[in-house]
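Worksheet: one structure, shown below.
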Amino acid sequence: MASKVRLFVDHPLGEGQSVPLTREQANYLFAVMRLPVGAVLSLINSRDGEWDARVEQGNKRGGILLCQTQTKPMLLPPDLWLIFAPIKKARTDFIVEKAVEMGARRILPVQTDFTNEKTRPEKLQAHAVEAAEQSGGTFVPEVTQLHKLDALLADWPADRRLLFCDEGQVGASPTLPSDPGPWAILIGPEGGFSDAERDKLRALPFAHPISLGPRILRADTAAVAALTLWQLTLGDWQ
């Protein structure tokens, strides 16, 4: 029977490898989930796939797990970044959660001209971990500190294409180039991009403006729509 508990650990995983638990992890496993000694759970670490591990010892303050067998190989998501302007907390959390579930490899919040919300990267990273644990993934993407959009674009990697979700193209057919190389998706803030930002983005040689259909979407909906379109066309859903 598959384990019902999955846990991300920052520790090597392999047959016979012991894994120490942090206080927070031990509290979750033994006080919240009430796992006994001898229970088996699943571990991931973004490097070694998924492993079954047995509880060797544990209490609310700490514990030791012992890796037994690999249950899933390491599966990296496509080389896709999701770049988005933070919105209200619950909806920002939703964007991060869905980006993990849908296969983004890196998540970058950005400050745009009309961005009004701030981020707490450590909280968003925790949401990313939870999303990977709950969705069966073996990889947890990094959630970065807040970048200024201008600075991010000025230091853009030469080989990465940018899918710019342009609300100014509402109603146009959503088409993607066939280039399978590294990509990023850029979602604007609730108020949209400023005219200056839109003009700059449209002029970038690595940017591909795209419509997401006949209606303007909320930022969190746009993130899911763009990720779906990219995955179906260029990603690992094909």
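By convention here, the chains of the structure tokens are called A, B, ... in the order presented, each chain's residues are numbered starting at 1, and ligands are numbered starting at 1 in the order presented.
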Within 9 Å of Leu229 in chain A using only C-alpha atoms, minus same-chain residues under 5 positions, as a list in words: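 Selected residues are Pro174, Leu176, Leu212, Val224 and Leu234 of chain A.
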Serialized selection, N, CA and C atoms, as a PDB file, in the first residue's frame:
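Saved as again16.pdb:
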```pdb
ATOM      1  N   PRO A 174      -4.225  32.260 -29.527  1.00  0.00           N
ATOM      2  CA  PRO A 174      -3.036  31.960 -28.712  1.00  0.00           C
ATOM      3  C   PRO A 174      -2.132  30.940 -29.401  1.00  0.00           C
ATOM      4  N   LEU A 176       1.935  29.520 -30.052  1.00  0.00           N
ATOM      5  CA  LEU A 176       3.286  29.468 -29.498  1.00  0.00           C
ATOM      6  C   LEU A 176       4.282  29.062 -30.569  1.00  0.00           C
ATOM      7  N   LEU A 212      -4.513  35.119 -24.136  1.00  0.00           N
ATOM      8  CA  LEU A 212      -5.045  33.958 -23.419  1.00  0.00           C
ATOM      9  C   LEU A 212      -6.541  33.808 -23.665  1.00  0.00           C
ATOM     10  N   VAL A 224      -2.630  29.814 -14.489  1.00  0.00           N
ATOM     11  CA  VAL A 224      -3.019  28.431 -14.777  1.00  0.00           C
ATOM     12  C   VAL A 224      -3.224  28.239 -16.278  1.00  0.00           C
ATOM     13  N   LEU A 234       4.546  22.677 -25.531  1.00  0.00           N
ATOM     14  CA  LEU A 234       6.000  22.528 -25.500  1.00  0.00           C
ATOM     15  C   LEU A 234       6.525  21.700 -24.314  1.00  0.00           C
TER      16      LEU A 234
END
```
Contact residues around Phe114 in chain A with only C-alpha atoms at 7 Å, ignoring same-chain residues under 2 positions, as a PyMOL selection string: chain A and resi 112+116+189+191+193
Kindly save the residues from that selection, with N, CA, C and O atoms included, as a PDB file, in the first residue's frame.
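The result, written out as again.pdb:
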```pdb
ATOM      1  N   THR A 112       6.232  45.188 -10.560  1.00  0.00           N
ATOM      2  CA  THR A 112       5.925  45.934 -11.777  1.00  0.00           C
ATOM      3  C   THR A 112       5.421  47.321 -11.405  1.00  0.00           C
ATOM      4  O   THR A 112       5.278  47.651 -10.221  1.00  0.00           O
ATOM      5  N   ASN A 116       1.061  46.147  -6.133  1.00  0.00           N
ATOM      6  CA  ASN A 116       0.800  46.755  -4.831  1.00  0.00           C
ATOM      7  C   ASN A 116       1.078  45.820  -3.657  1.00  0.00           C
ATOM      8  O   ASN A 116       1.126  46.260  -2.521  1.00  0.00           O
ATOM      9  N   PRO A 189       0.271  42.108 -13.122  1.00  0.00           N
ATOM     10  CA  PRO A 189      -0.457  42.347 -11.879  1.00  0.00           C
ATOM     11  C   PRO A 189      -1.954  42.526 -12.141  1.00  0.00           C
ATOM     12  O   PRO A 189      -2.417  42.509 -13.285  1.00  0.00           O
ATOM     13  N   GLY A 191      -3.746  45.147 -12.087  1.00  0.00           N
ATOM     14  CA  GLY A 191      -4.024  46.309 -12.931  1.00  0.00           C
ATOM     15  C   GLY A 191      -3.428  46.212 -14.322  1.00  0.00           C
ATOM     16  O   GLY A 191      -3.531  47.154 -15.111  1.00  0.00           O
ATOM     17  N   PHE A 193      -0.108  45.418 -17.084  1.00  0.00           N
ATOM     18  CA  PHE A 193       1.170  46.098 -17.292  1.00  0.00           C
ATOM     19  C   PHE A 193       0.924  47.553 -17.664  1.00  0.00           C
ATOM     20  O   PHE A 193      -0.097  47.901 -18.261  1.00  0.00           O
TER      21      PHE A 193
END
```
Pick from A:Ala131, A:Thr233, A:Ala126, A:Leu201, whichever lies nearest to Thr175 in chain A using only C-alpha atoms: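 Selected residue with least distance to Thr175 in chain A: A:Thr233.
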For CA of Gly136 in chain A and CA of Pro73 in chain A, the interatomic separation in Å (one decimal): 11.8 Å
Contact residues around Arg6 in chain A with only C-alpha atoms at 6 Å, ignoring same-chain residues under 6 positions, as number ranges by chain: A: 42-43, 133
